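Quick look at final.txt (compact mmCIF, C-alpha atoms (C1' of nucleotides)):
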# COMPACT_ATOMS: atom_id res chain seq x y z
CA MET A 1 0.00 0.00 0.00
CA PRO A 2 2.52 2.69 0.96
CA TYR A 3 4.99 3.34 -1.78
CA THR A 4 4.74 3.90 -5.53
CA VAL A 5 7.50 2.23 -7.46
CA LEU A 6 8.80 3.41 -10.84
CA VAL A 7 10.57 6.42 -9.34
CA ALA A 8 12.18 5.66 -6.05
CA ARG A 9 12.06 2.82 -3.62
CA TRP A 10 10.35 4.81 -0.91
CA GLN A 11 8.91 8.26 -1.04
CA PRO A 12 11.52 10.51 0.56
CA ASN A 13 11.25 12.64 3.70
CA ALA A 14 9.16 10.29 5.76
CA PRO A 15 9.58 12.41 8.94
CA GLU A 16 8.45 15.55 7.18
CA ARG A 17 5.45 13.84 5.60
CA LEU A 18 4.50 12.52 9.03
CA ALA A 19 4.80 15.98 10.58
CA VAL A 20 2.62 17.53 7.88
CA ALA A 21 -0.01 14.83 8.22
CA ALA A 22 0.04 15.18 12.00
CA LEU A 23 -0.36 18.95 12.01
CA GLU A 24 -3.26 18.73 9.56
CA LEU A 25 -5.05 16.10 11.59
CA PHE A 26 -4.45 17.92 14.87
CA GLU A 27 -5.99 21.03 13.31
CA GLU A 28 -8.95 19.09 11.95
CA ARG A 29 -9.94 17.01 14.95
CA GLY A 30 -7.60 17.92 17.77
CA TYR A 31 -4.53 16.18 19.14
CA GLU A 32 -6.29 13.75 21.43
CA ASN A 33 -8.84 12.71 18.83
CA THR A 34 -6.08 11.75 16.43
CA THR A 35 -4.48 8.34 16.41
CA VAL A 36 -0.88 7.63 15.54
CA ILE A 37 -2.18 5.08 13.06
CA GLU A 38 -4.27 7.77 11.37
CA ILE A 39 -1.25 10.06 11.08
CA ALA A 40 0.82 7.29 9.58
CA GLU A 41 -1.92 6.33 7.13
CA ARG A 42 -2.30 9.88 5.88
CA ALA A 43 1.44 9.97 5.28
CA GLY A 44 1.25 6.64 3.46
CA LEU A 45 3.11 4.83 6.21
CA THR A 46 2.43 2.68 9.26
CA LYS A 47 2.58 2.92 13.02
CA SER A 48 5.89 1.05 13.07
CA THR A 49 7.50 3.60 10.80
CA PHE A 50 6.07 6.49 12.79
CA PHE A 51 7.76 5.30 15.97
CA ARG A 52 10.96 4.60 14.07
CA HIS A 53 11.21 8.32 13.28
CA PHE A 54 9.74 9.86 16.45
CA GLN A 55 10.17 8.86 20.06
CA ASP A 56 6.50 9.42 20.81
CA LYS A 57 3.34 11.01 19.48
CA ARG A 58 4.15 14.52 20.81
CA GLU A 59 7.61 14.56 19.32
CA VAL A 60 6.23 14.67 15.78
CA LEU A 61 5.76 18.43 16.28
CA PHE A 62 9.14 19.02 17.93
CA GLY A 63 11.54 16.74 16.13
CA GLY A 64 13.15 18.78 13.40
CA SER A 65 14.23 21.83 15.32
CA ALA A 66 17.67 21.20 16.88
CA MET A 67 17.23 24.69 18.28
CA ALA A 68 19.38 24.08 21.35
CA GLY A 69 22.40 23.55 19.15
CA VAL A 70 21.72 26.68 17.13
CA LEU A 71 21.50 28.75 20.29
CA ALA A 72 24.67 27.29 21.77
CA GLU A 73 26.63 27.85 18.57
CA GLY A 74 25.24 31.35 18.25
CA ILE A 75 26.48 32.23 21.72
CA ALA A 76 29.84 30.61 21.12
CA ALA A 77 30.22 32.51 17.84
CA ALA A 78 29.65 35.92 19.41
CA PRO A 79 32.71 38.19 19.61
CA ALA A 80 34.85 37.52 22.66
CA THR A 81 34.26 41.03 23.96
CA ALA A 82 30.45 40.69 23.90
CA GLU A 83 28.57 40.96 27.18
CA PRO A 84 26.18 38.09 28.05
CA PHE A 85 23.14 39.86 26.65
CA GLU A 86 24.93 40.67 23.40
CA ALA A 87 25.93 37.04 23.04
CA VAL A 88 22.31 36.04 23.56
CA ALA A 89 21.21 38.53 20.91
CA HIS A 90 23.72 36.92 18.58
CA ALA A 91 22.15 33.54 19.30
CA LEU A 92 18.65 34.85 18.62
CA ASP A 93 19.82 36.10 15.25
CA ALA A 94 21.12 32.63 14.48
CA VAL A 95 17.72 31.17 15.39
CA GLY A 96 16.06 33.63 13.03
CA ARG A 97 18.35 32.49 10.25
CA GLU A 98 18.39 28.74 10.79
CA ALA A 99 15.24 27.75 12.64
CA PHE A 100 12.70 30.49 11.91
CA PRO A 101 13.34 31.73 8.36
CA PRO A 102 10.62 34.00 6.94
CA ASP A 103 9.05 31.29 4.77
CA ARG A 104 8.32 29.10 7.77
CA ARG A 105 6.24 31.70 9.54
CA ALA A 106 2.88 30.22 8.49
CA TRP A 107 3.90 26.74 9.52
CA VAL A 108 5.21 28.00 12.86
CA ALA A 109 1.96 29.84 13.53
CA ARG A 110 -0.15 26.78 12.81
CA ARG A 111 2.07 24.62 14.96
CA ARG A 112 1.90 27.19 17.75
CA ALA A 113 -1.91 27.23 17.73
CA VAL A 114 -2.10 23.45 17.89
CA ILE A 115 0.35 23.29 20.79
CA ALA A 116 -1.47 26.02 22.68
CA ALA A 117 -4.70 24.06 22.40
CA ASN A 118 -3.42 20.92 24.10
CA PRO A 119 -1.97 20.43 27.58
CA GLU A 120 0.09 17.40 26.61
CA LEU A 121 1.80 19.36 23.85
CA ARG A 122 2.31 22.38 26.10
CA GLU A 123 4.02 20.07 28.54
CA ARG A 124 6.45 18.88 25.90
CA GLU A 125 7.08 22.47 24.88
CA ALA A 126 7.86 23.34 28.49
CA LEU A 127 10.46 20.58 28.57
CA LYS A 128 12.00 21.79 25.33
CA GLY A 129 12.17 25.26 26.87
CA LEU A 130 14.18 23.91 29.79
CA GLY A 131 16.57 22.37 27.31
CA LEU A 132 17.01 25.68 25.54
CA THR A 133 17.85 27.66 28.68
CA ALA A 134 20.18 24.90 29.84
CA SER A 135 21.93 25.00 26.50
CA MET A 136 22.31 28.77 26.65
CA THR A 137 23.52 28.66 30.24
CA ASP A 138 26.22 26.16 29.32
CA ALA A 139 27.32 28.17 26.31
CA LEU A 140 27.62 31.31 28.42
CA LYS A 141 29.62 29.51 31.10
CA ARG A 142 32.01 28.29 28.42
CA ARG A 143 32.61 31.96 27.60
CA GLY A 144 33.74 32.48 31.17
CA VAL A 145 30.56 34.11 32.41
CA PRO A 146 29.95 33.27 36.10
CA GLU A 147 27.41 30.57 36.85
CA LEU A 148 24.61 32.71 38.24
CA THR A 149 24.99 35.42 35.65
CA SER A 150 24.80 32.76 32.96
CA CYS A 151 21.60 31.39 34.46
CA VAL A 152 19.94 34.78 34.61
CA ALA A 153 21.01 35.82 31.14
CA ALA A 154 19.83 32.51 29.70
CA GLU A 155 16.51 32.74 31.51
CA LEU A 156 15.88 36.26 30.28
CA GLY A 157 17.04 35.28 26.82
CA ALA A 158 14.55 32.43 26.79
CA LEU A 159 11.83 34.83 27.89
CA ALA A 160 12.72 37.21 25.09
CA MET A 161 12.67 34.36 22.63
CA LYS A 162 9.25 33.26 23.82
CA ILE A 163 7.92 36.80 23.48
CA ALA A 164 9.47 37.17 20.05
CA TYR A 165 8.07 33.81 19.02
CA GLU A 166 4.57 35.00 19.91
CA ARG A 167 4.90 38.39 18.26
CA TRP A 168 6.51 37.02 15.12
CA SER A 169 4.03 34.23 14.52
CA GLU A 170 1.04 36.48 15.13
CA THR A 171 1.75 38.71 12.11
CA THR A 172 1.64 37.58 8.50
CA ASP A 173 4.21 40.07 7.32
CA GLY A 174 6.82 42.30 8.88
CA ASP A 175 10.30 41.93 10.24
CA ASP A 176 12.11 38.63 10.33
CA PHE A 177 12.58 36.81 13.56
CA GLY A 178 15.98 38.27 14.35
CA GLU A 179 14.65 41.84 14.39
CA VAL A 180 11.66 40.96 16.51
CA ALA A 181 13.84 39.05 18.93
CA ARG A 182 16.33 41.89 19.36
CA ARG A 183 13.47 44.24 20.19
CA ALA A 184 12.04 41.73 22.67
CA LEU A 185 15.43 41.36 24.29
CA ARG A 186 15.73 45.14 24.67
CA ASP A 187 12.27 45.25 26.22
CA VAL A 188 13.11 42.50 28.66
CA ARG A 189 16.35 44.17 29.65
CA ALA A 190 14.54 47.44 30.25
CA ALA A 191 11.86 45.73 32.31
CA SER A 192 14.45 43.93 34.42
CA THR A 193 15.76 47.25 35.72
CA LEU A 194 12.29 48.13 37.07
CA CYS A 195 11.97 45.21 39.44
CA MET B 1 -8.48 -7.37 50.00
CA PRO B 2 -8.09 -3.61 50.41
CA TYR B 3 -9.68 -2.38 53.59
CA THR B 4 -9.66 -3.60 57.19
CA VAL B 5 -13.02 -3.25 58.81
CA LEU B 6 -13.55 -3.00 62.60
CA VAL B 7 -12.20 0.55 62.77
CA ALA B 8 -13.27 2.67 59.86
CA ARG B 9 -14.89 1.96 56.57
CA TRP B 10 -11.85 2.88 54.57
CA GLN B 11 -8.40 3.72 55.71
CA PRO B 12 -8.14 7.49 55.49
CA ASN B 13 -5.83 9.63 53.32
CA ALA B 14 -5.85 7.45 50.25
CA PRO B 15 -3.99 10.08 48.15
CA GLU B 16 -1.21 10.40 50.70
CA ARG B 17 -0.85 6.64 51.05
CA LEU B 18 -0.62 6.38 47.28
CA ALA B 19 2.04 9.09 47.14
CA VAL B 20 4.12 7.39 49.83
CA ALA B 21 3.87 4.02 48.12
CA ALA B 22 4.74 5.56 44.78
CA LEU B 23 7.83 7.39 46.05
CA GLU B 24 9.09 4.23 47.77
CA LEU B 25 8.63 2.12 44.66
CA PHE B 26 10.20 4.74 42.40
CA GLU B 27 13.23 4.78 44.68
CA GLU B 28 13.43 0.99 44.77
CA ARG B 29 13.05 0.13 41.10
CA GLY B 30 12.71 3.40 39.21
CA TYR B 31 9.70 5.20 37.82
CA GLU B 32 9.43 3.29 34.57
CA ASN B 33 9.83 -0.11 36.18
CA THR B 34 6.92 0.59 38.50
CA THR B 35 3.33 -0.13 37.57
CA VAL B 36 0.34 1.85 38.70
CA ILE B 37 -1.16 -1.43 39.86
CA GLU B 38 1.88 -2.06 42.04
CA ILE B 39 1.60 1.39 43.60
CA ALA B 40 -2.05 0.86 44.33
CA GLU B 41 -1.43 -2.59 45.80
CA ARG B 42 1.24 -1.30 48.17
CA ALA B 43 -1.21 1.34 49.34
CA GLY B 44 -3.90 -1.31 49.80
CA LEU B 45 -5.96 0.03 46.91
CA THR B 46 -6.57 -0.65 43.25
CA LYS B 47 -5.85 0.91 39.89
CA SER B 48 -9.36 2.37 39.71
CA THR B 49 -8.88 4.23 42.95
CA PHE B 50 -5.46 5.48 41.93
CA PHE B 51 -6.89 7.16 38.84
CA ARG B 52 -9.78 8.52 40.86
CA HIS B 53 -7.30 10.51 42.95
CA PHE B 54 -4.67 11.38 40.34
CA GLN B 55 -5.06 12.38 36.74
CA ASP B 56 -2.15 10.22 35.66
CA LYS B 57 0.85 8.29 36.93
CA ARG B 58 3.16 11.34 37.09
CA GLU B 59 0.71 13.43 39.04
CA VAL B 60 1.06 11.22 42.12
CA LEU B 61 4.26 13.17 42.91
CA PHE B 62 2.81 16.61 42.15
CA GLY B 63 -0.76 16.47 43.37
CA GLY B 64 -0.69 17.83 46.87
CA SER B 65 1.19 21.06 46.36
CA ALA B 66 -1.23 23.83 45.31
CA MET B 67 1.89 25.96 45.17
CA ALA B 68 0.58 28.31 42.50
CA GLY B 69 -2.15 29.48 44.85
CA VAL B 70 0.28 30.03 47.70
CA LEU B 71 2.53 32.15 45.49
CA ALA B 72 -0.37 34.22 44.14
CA GLU B 73 -1.75 34.87 47.61
CA GLY B 74 1.70 35.70 48.92
CA ILE B 75 2.14 38.33 46.23
CA ALA B 76 -1.34 39.72 46.78
CA ALA B 77 -0.74 39.94 50.52
CA ALA B 78 2.45 41.98 50.18
CA PRO B 79 2.20 45.61 51.31
CA ALA B 80 0.83 47.89 48.62
CA THR B 81 4.05 49.89 48.55
CA ALA B 82 6.24 46.86 47.85
CA GLU B 83 8.20 46.75 44.62
CA PRO B 84 7.76 43.66 42.43
CA PHE B 85 10.81 41.89 43.85
CA GLU B 86 9.70 42.54 47.41
CA ALA B 87 6.30 41.09 46.62
CA VAL B 88 7.98 38.02 45.18
CA ALA B 89 10.09 37.68 48.32
CA HIS B 90 6.87 37.82 50.32
CA ALA B 91 5.48 34.99 48.21
CA LEU B 92 8.60 32.88 48.71
CA ASP B 93 8.20 33.28 52.45
CA ALA B 94 4.65 32.01 52.14
CA VAL B 95 5.91 28.98 50.25
CA GLY B 96 8.40 28.30 53.01
CA ARG B 97 5.61 28.38 55.55
CA GLU B 98 2.89 26.49 53.73
CA ALA B 99 4.49 24.22 51.15
CA PHE B 100 8.05 23.61 52.39
CA PRO B 101 7.95 23.54 56.18
CA PRO B 102 11.16 22.29 57.83
CA ASP B 103 9.76 18.83 58.61
CA ARG B 104 9.09 18.11 54.95
CA ARG B 105 12.67 18.64 53.90
CA ALA B 106 13.55 14.93 53.81
CA TRP B 107 10.47 14.11 51.78
CA VAL B 108 11.14 16.94 49.36
CA ALA B 109 14.72 15.80 48.87
CA ARG B 110 13.68 12.22 48.13
CA ARG B 111 11.00 13.43 45.73
CA ARG B 112 13.50 15.71 44.04
CA ALA B 113 15.98 12.90 43.46
CA VAL B 114 13.32 10.69 41.94
CA ILE B 115 12.14 13.43 39.61
CA ALA B 116 15.67 14.28 38.54
CA ALA B 117 16.23 10.65 37.59
CA ASN B 118 13.36 10.44 35.12
CA PRO B 119 12.67 12.47 31.96
CA GLU B 120 8.92 11.95 32.11
CA LEU B 121 8.80 13.37 35.62
CA ARG B 122 11.11 16.24 34.71
CA GLU B 123 8.71 17.08 31.91
CA ARG B 124 5.81 17.29 34.32
CA GLU B 125 7.90 19.44 36.64
CA ALA B 126 8.66 21.80 33.76
CA LEU B 127 4.95 22.19 33.12
CA LYS B 128 4.30 22.90 36.79
CA GLY B 129 7.04 25.51 36.64
CA LEU B 130 5.24 27.28 33.81
CA GLY B 131 2.12 27.31 35.94
CA LEU B 132 4.01 28.91 38.81
CA THR B 133 5.47 31.74 36.77
CA ALA B 134 2.10 32.33 35.11
CA SER B 135 0.49 32.53 38.52
CA MET B 136 3.08 35.01 39.78
CA THR B 137 2.83 37.10 36.62
CA ASP B 138 -0.94 37.37 37.05
CA ALA B 139 -0.67 38.28 40.71
CA LEU B 140 1.84 41.01 39.92
CA LYS B 141 -0.33 42.42 37.15
CA ARG B 142 -3.23 42.58 39.59
CA ARG B 143 -1.03 44.82 41.74
CA GLY B 144 -0.78 47.22 38.82
CA VAL B 145 2.70 46.19 37.73
CA PRO B 146 3.09 46.55 33.95
CA GLU B 147 2.86 43.40 31.88
CA LEU B 148 6.48 43.00 30.87
CA THR B 149 7.83 43.90 34.28
CA SER B 150 5.51 41.31 35.79
CA CYS B 151 6.81 38.69 33.38
CA VAL B 152 10.42 39.42 34.16
CA ALA B 153 9.93 39.58 37.92
CA ALA B 154 7.98 36.32 37.87
CA GLU B 155 10.60 34.61 35.74
CA LEU B 156 13.43 35.70 38.01
CA GLY B 157 11.35 34.79 41.04
CA ALA B 158 10.84 31.32 39.64
CA LEU B 159 14.56 31.02 39.01
CA ALA B 160 15.28 32.06 42.59
CA MET B 161 12.77 29.54 43.84
CA LYS B 162 14.37 26.78 41.79
CA ILE B 163 17.80 27.67 43.13
CA ALA B 164 16.50 27.83 46.68
CA TYR B 165 14.72 24.52 46.20
CA GLU B 166 18.00 22.89 45.23
CA ARG B 167 20.03 24.47 48.00
CA TRP B 168 17.44 23.81 50.66
CA SER B 169 16.85 20.16 49.85
CA GLU B 170 20.57 19.40 49.59
CA THR B 171 21.25 20.15 53.26
CA THR B 172 19.84 18.16 56.15
CA ASP B 173 19.85 21.07 58.56
CA GLY B 174 20.12 24.83 58.33
CA ASP B 175 17.82 27.70 57.53
CA ASP B 176 14.23 27.21 56.60
CA PHE B 177 13.12 27.67 53.04
CA GLY B 178 12.15 31.31 53.38
CA GLU B 179 15.67 32.34 54.39
CA VAL B 180 17.31 30.35 51.64
CA ALA B 181 14.89 31.76 49.09
CA ARG B 182 15.48 35.37 50.12
CA ARG B 183 19.21 34.84 49.71
CA ALA B 184 18.69 33.24 46.30
CA LEU B 185 16.51 36.13 45.23
CA ARG B 186 19.19 38.63 46.27
CA ASP B 187 21.78 36.65 44.32
CA VAL B 188 19.58 36.59 41.24
CA ARG B 189 18.91 40.29 41.44
CA ALA B 190 22.62 41.01 41.75
CA ALA B 191 23.42 38.75 38.80
CA SER B 192 20.76 40.42 36.66
CA THR B 193 22.60 43.72 36.84
CA LEU B 194 25.71 42.12 35.34
CA CYS B 195 24.13 41.05 32.07
C1' DT C 1 23.88 -13.34 -14.45
C1' DA C 2 23.66 -14.83 -9.84
C1' DT C 3 24.01 -14.13 -5.02
C1' DA C 4 24.46 -12.02 -0.68
C1' DG C 5 24.05 -7.79 1.97
C1' DT C 6 21.75 -3.46 3.36
C1' DG C 7 18.18 -0.38 4.94
C1' DA C 8 13.67 1.38 5.26
C1' DT C 9 9.52 -0.51 5.77
C1' DG C 10 5.16 -3.67 7.12
C1' DG C 11 2.87 -6.39 10.49
C1' DG C 12 1.51 -8.52 14.52
C1' DA C 13 2.07 -9.84 19.45
C1' DC C 14 2.36 -7.79 23.67
C1' DC C 15 2.39 -4.59 27.87
C1' DA C 16 1.00 -0.60 30.48
C1' DG C 17 -1.38 3.84 30.96
C1' DG C 18 -5.88 5.68 31.02
C1' DT C 19 -11.24 5.72 30.45
C1' DC C 20 -15.78 4.02 31.41
C1' DC C 21 -19.35 1.85 33.53
C1' DC C 22 -21.44 -0.88 36.85
C1' DA C 23 -21.45 -3.56 41.17
C1' DT C 24 -20.50 -3.49 46.08
C1' DC C 25 -20.63 -2.22 50.73
C1' DA C 26 -20.62 0.54 54.96
C1' DC C 27 -22.39 4.44 56.95
C1' DG C 28 -25.98 8.10 58.12
C1' DG C 29 -30.67 9.74 58.01
C1' DG C 30 -35.49 9.12 57.78
C1' DC D 1 -36.02 -1.01 58.79
C1' DC D 2 -35.09 1.03 54.43
C1' DC D 3 -32.76 4.24 51.37
C1' DG D 4 -29.40 7.48 49.67
C1' DT D 5 -24.56 8.53 49.49
C1' DG D 6 -19.75 8.06 48.61
C1' DA D 7 -15.49 5.73 48.22
C1' DT D 8 -14.15 1.73 46.45
C1' DG D 9 -13.48 -2.87 43.42
C1' DG D 10 -13.45 -4.95 39.01
C1' DG D 11 -13.40 -5.71 34.34
C1' DA D 12 -13.96 -4.38 29.37
C1' DC D 13 -11.86 -1.55 26.23
C1' DC D 14 -8.82 1.76 23.52
C1' DT D 15 -4.43 3.67 22.44
C1' DG D 16 0.47 4.79 23.02
C1' DG D 17 4.68 2.49 22.81
C1' DT D 18 8.05 -1.71 22.43
C1' DC D 19 9.84 -5.74 20.19
C1' DC D 20 10.85 -8.92 16.87
C1' DC D 21 10.68 -10.80 12.50
C1' DA D 22 9.38 -10.80 7.57
C1' DT D 23 9.56 -8.35 3.19
C1' DC D 24 11.31 -6.09 -0.69
C1' DA D 25 14.04 -3.11 -3.70
C1' DC D 26 18.44 -1.59 -4.49
C1' DT D 27 23.71 -2.39 -4.53
C1' DA D 28 27.98 -4.60 -4.68
C1' DT D 29 30.66 -8.30 -5.68
C1' DA D 30 31.89 -12.51 -7.99

Just give me the structure as structure tokens.
Amino acid sequence: MPYTVLVARWQPNAPERLAVAALELFEERGYENTTVIEIAERAGLTKSTFFRHFQDKREVLFGGSAMAGVLAEGIAAAPATAEPFEAVAHALDAVGREAFPPDRRAWVARRRAVIAANPELREREALKGLGLTASMTDALKRRGVPELTSCVAAELGALAMKIAYERWSETTDGDDFGEVARRALRDVRAASTLC
Amino acid sequence: MPYTVLVARWQPNAPERLAVAALELFEERGYENTTVIEIAERAGLTKSTFFRHFQDKREVLFGGSAMAGVLAEGIAAAPATAEPFEAVAHALDAVGREAFPPDRRAWVARRRAVIAANPELREREALKGLGLTASMTDALKRRGVPELTSCVAAELGALAMKIAYERWSETTDGDDFGEVARRALRDVRAASTLC
DNA sequence: TATAGTGATGGGACCAGGTCCCATCACGGG
DNA sequence: CCCGTGATGGGACCTGGTCCCATCACTATA
């Protein structure tokens, strides 16, 4: 049933096809009313193959990112003289280039709406968020920034990224993610002096 | 099998008995090698009753807290003249009184170790953390603090609480949670000026 | 041309988490 | 003495997730 011969052995990009099918189905009937088997069928695959590509049902919306690595490399690549916040800004630019390019805005917005609508998916997103701040904290410490300062800068950087993520995916046109994120980071920094 | 008659109809505190049994079993054989049925049996109950008291298997370690409410009330109860950070400090004191009293330190430490050892439990903890910062953000906004400032203060407050939680549960004697948390909050504030 | 190896897939058995519904049984009130 | 109530027991059932083995097309090598 799954594959059409004559061109290639298997249709390529199985993980991506699964993610597309999943997002569509989650939009149509909701996450909890969608079965892994249904996702796999829509992608022309089976349950076995689904779990070969994704650890679990939630992960189908989180798999491709590798955002933690992008952030860490972005911080590491910042000029040696950069203060923690400048290094974080550098990392947010990298995210805008590699993880949130302008043409993915629509997809990101759809994905965001689906996640917001389901507690189980929000939980997974919360865990991913922890990973991101941990990754940034580590990268800052490797620059010689003291432990606590690294923690705080990473935490505020993650907050700025979350805010930017919301603002950016809510508009259909406008600045790219890097711009929005830099503004969010400035706002957060300003707010942190008022506490 | 479950209940002994002659005294009361059912042994009281089913949720607490389930939580104790669960923590013991998680320590003995690990979270994923423990079955809900086994937890229920050790507590003298059944699977049905377990799921009547807890939404899912993870929740047995998170159910009793109601920490979000304590934090919100603590912030609301702070003097009207208090700055955001002072209000947060007030809330952390409330947590030390109502959620982390000195005699629960051993329990909290055991629970913490079990959670740290399992990704599924860490994920649930991350979600609870989101709930806490959301609760603090709301409470601050209700005091008239601007949106972004509330976000930042809540985020840094949550970070201080996490740090205090680690420090407090790592020692067997010493200050109560409120003291530790106030120190952590001061440290965080100091670090935030160095970003 | 034949043969063996490789890698992504299909398929089914199996377990545990989680839901649902109904039976049970002790207690309190009439 | 009977009835309502509430926490529980028990079992059917679905789905997420794991495991293991079969399949099948392509590739390399002889």

Near chain A, meaning an atom within 9 Å, which residues of chain C appear when counting only C-alpha atoms (C1' of nucleotides)? Write them as a list in words. DA8, DT9, DG10 and DG11 of chain C

Could you save those same residues with C-alpha atoms (C1' of nucleotides) as a short mmCIF file (atom, residue, chain, number, x, y, z; two decimals), in the coordinates of the input?
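The resulting file, out12.cif, is shown below:
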data_model
loop_
_atom_site.label_atom_id
_atom_site.label_comp_id
_atom_site.auth_asym_id
_atom_site.auth_seq_id
_atom_site.Cartn_x
_atom_site.Cartn_y
_atom_site.Cartn_z
"C1'" DA C 8 13.67 1.38 5.26
"C1'" DT C 9 9.52 -0.51 5.77
"C1'" DG C 10 5.16 -3.67 7.12
"C1'" DG C 11 2.87 -6.39 10.49
#

Using all atoms listed in the file, select each residue of chain D with any atom at most 8 Å away from an atom of chain A, and give the selection as a ChimeraX atom specification. /D:15-17,25-26

Within 12 Å of chain A, which residues of chain B show up? Give each one with its shortest atom-to-atom distance in Å (one decimal) and the two atoms involved, counting all atoms listed in the file, rows by chain then rising residue number, as CSV.
residue,atom,partner,partner_atom,distance
B:Asp56,CA,A:Glu120,CA,11.8
B:Ala82,CA,A:Cys195,CA,10.3
B:Glu83,CA,A:Cys195,CA,6.6
B:Pro84,CA,A:Cys195,CA,5.4
B:Phe85,CA,A:Cys195,CA,5.6
B:Glu86,CA,A:Cys195,CA,8.7
B:Ala87,CA,A:Cys195,CA,10.0
B:Val88,CA,A:Cys195,CA,10.0
B:Ala89,CA,A:Cys195,CA,11.8
B:Pro119,CA,A:Leu127,CA,9.1
B:Glu120,CA,A:Leu127,CA,9.5
B:Leu121,CA,A:Leu127,CA,10.2
B:Arg122,CA,A:Leu127,CA,7.5
B:Glu123,CA,A:Leu127,CA,5.1
B:Arg124,CA,A:Glu123,CA,6.7
B:Glu125,CA,A:Leu127,CA,8.5
B:Ala126,CA,A:Ala126,CA,5.5
B:Leu127,CA,A:Glu123,CA,5.1
B:Lys128,CA,A:Glu123,CA,8.7
B:Gly129,CA,A:Ala126,CA,8.5
B:Leu130,CA,A:Ala126,CA,7.1
B:Gly131,CA,A:Ala126,CA,10.2
B:Thr133,CA,A:Leu159,CA,11.4
B:Leu140,CA,A:Cys195,CA,11.0
B:Val145,CA,A:Cys195,CA,9.5
B:Pro146,CA,A:Ala191,CA,9.0
B:Glu147,CA,A:Ala191,CA,9.3
B:Leu148,CA,A:Ala191,CA,6.2
B:Thr149,CA,A:Ala191,CA,4.8
B:Ser150,CA,A:Cys195,CA,8.4
B:Cys151,CA,A:Leu159,CA,8.4
B:Val152,CA,A:Ser192,CA,6.1
B:Ala153,CA,A:Cys195,CA,6.2
B:Ala154,CA,A:Cys195,CA,9.9
B:Glu155,CA,A:Glu155,CA,7.5
B:Leu156,CA,A:Val152,CA,7.4
B:Gly157,CA,A:Cys195,CA,10.6
B:Ala158,CA,A:Glu155,CA,10.0
B:Leu159,CA,A:Val152,CA,7.9
B:Ala160,CA,A:Val152,CA,9.6
B:Lys162,CA,A:Cys151,CA,11.3
B:Ile163,CA,A:Leu148,CA,9.8
B:Ala184,CA,A:Leu148,CA,10.0
B:Leu185,CA,A:Leu148,CA,11.2
B:Arg186,CA,A:Leu148,CA,11.4
B:Asp187,CA,A:Leu148,CA,7.8
B:Val188,CA,A:Val152,CA,6.9
B:Arg189,CA,A:Cys195,CA,8.7
B:Ala190,CA,A:Thr149,CA,8.6
B:Ala191,CA,A:Thr149,CA,4.8
B:Ser192,CA,A:Val152,CA,6.1
B:Thr193,CA,A:Thr193,CA,7.8
B:Leu194,CA,A:Thr149,CA,6.7
B:Cys195,CA,A:Pro84,CA,5.4

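For the residues A:Leu61, A:Val70, A:Ala40, A:Ala109, ranking by smallest atom-to-atom distance to Gly96 in chain A using all atoms listed in the file places A:Val70 first.
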
With 4 Å of padding per side, what axis-aligned box (centre and edge lengths, Å, one decimal) covers all the listed atoms of range 14-24 of chain D? Give it as AutoDock Vina command-line options.
--center_x 1.2 --center_y -3.0 --center_z 11.4 --size_x 28.1 --size_y 23.6 --size_z 32.2

Please identify all polymer residues within 12 Å of DA4 in chain C, counting only C-alpha atoms (C1' of nucleotides), omitting same-chain residues fewer than 3 positions from it, and present them as a ChimeraX atom specification. /D:27-30

If I take C1' of DT6 in chain C and CA of Val60 in chain A, how far is one from the other in Å, to one decimal?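 Separation between C1' of DT6 in chain C and CA of Val60 in chain A: 26.9 Å.
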
Kindly give the distance, in Å, that separates CA of Ser135 in chain B and CA of Arg112 in chain B, rounded to a single decimal.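 Separating CA of Ser135 in chain B from CA of Arg112 in chain B is a distance of 22.0 Å.
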
Nearest candidate to DG17 in chain C (options D:DC24, D:DC19, D:DC14, D:DC3; using all atoms listed in the file):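 Selected residue with least distance to DG17 in chain C: D:DC14.
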
To one decimal place, how far is CA of Ala117 in chain A from CA of Phe50 in chain A in Å? 22.7 Å

Which of these residues is nearest to DG9 in chain D, using all atoms listed in the file: B:Gly44, B:Glu32, B:Glu16, B:Ala78? B:Gly44

Name the residues, using the chain letters and numbers of the file, that sit within 8 Å of (-16.4, -2.4, 42.4) when counting all atoms listed in the file, and give them as a PyMOL selection string. (chain C and resi 22-24) or (chain D and resi 8-10)
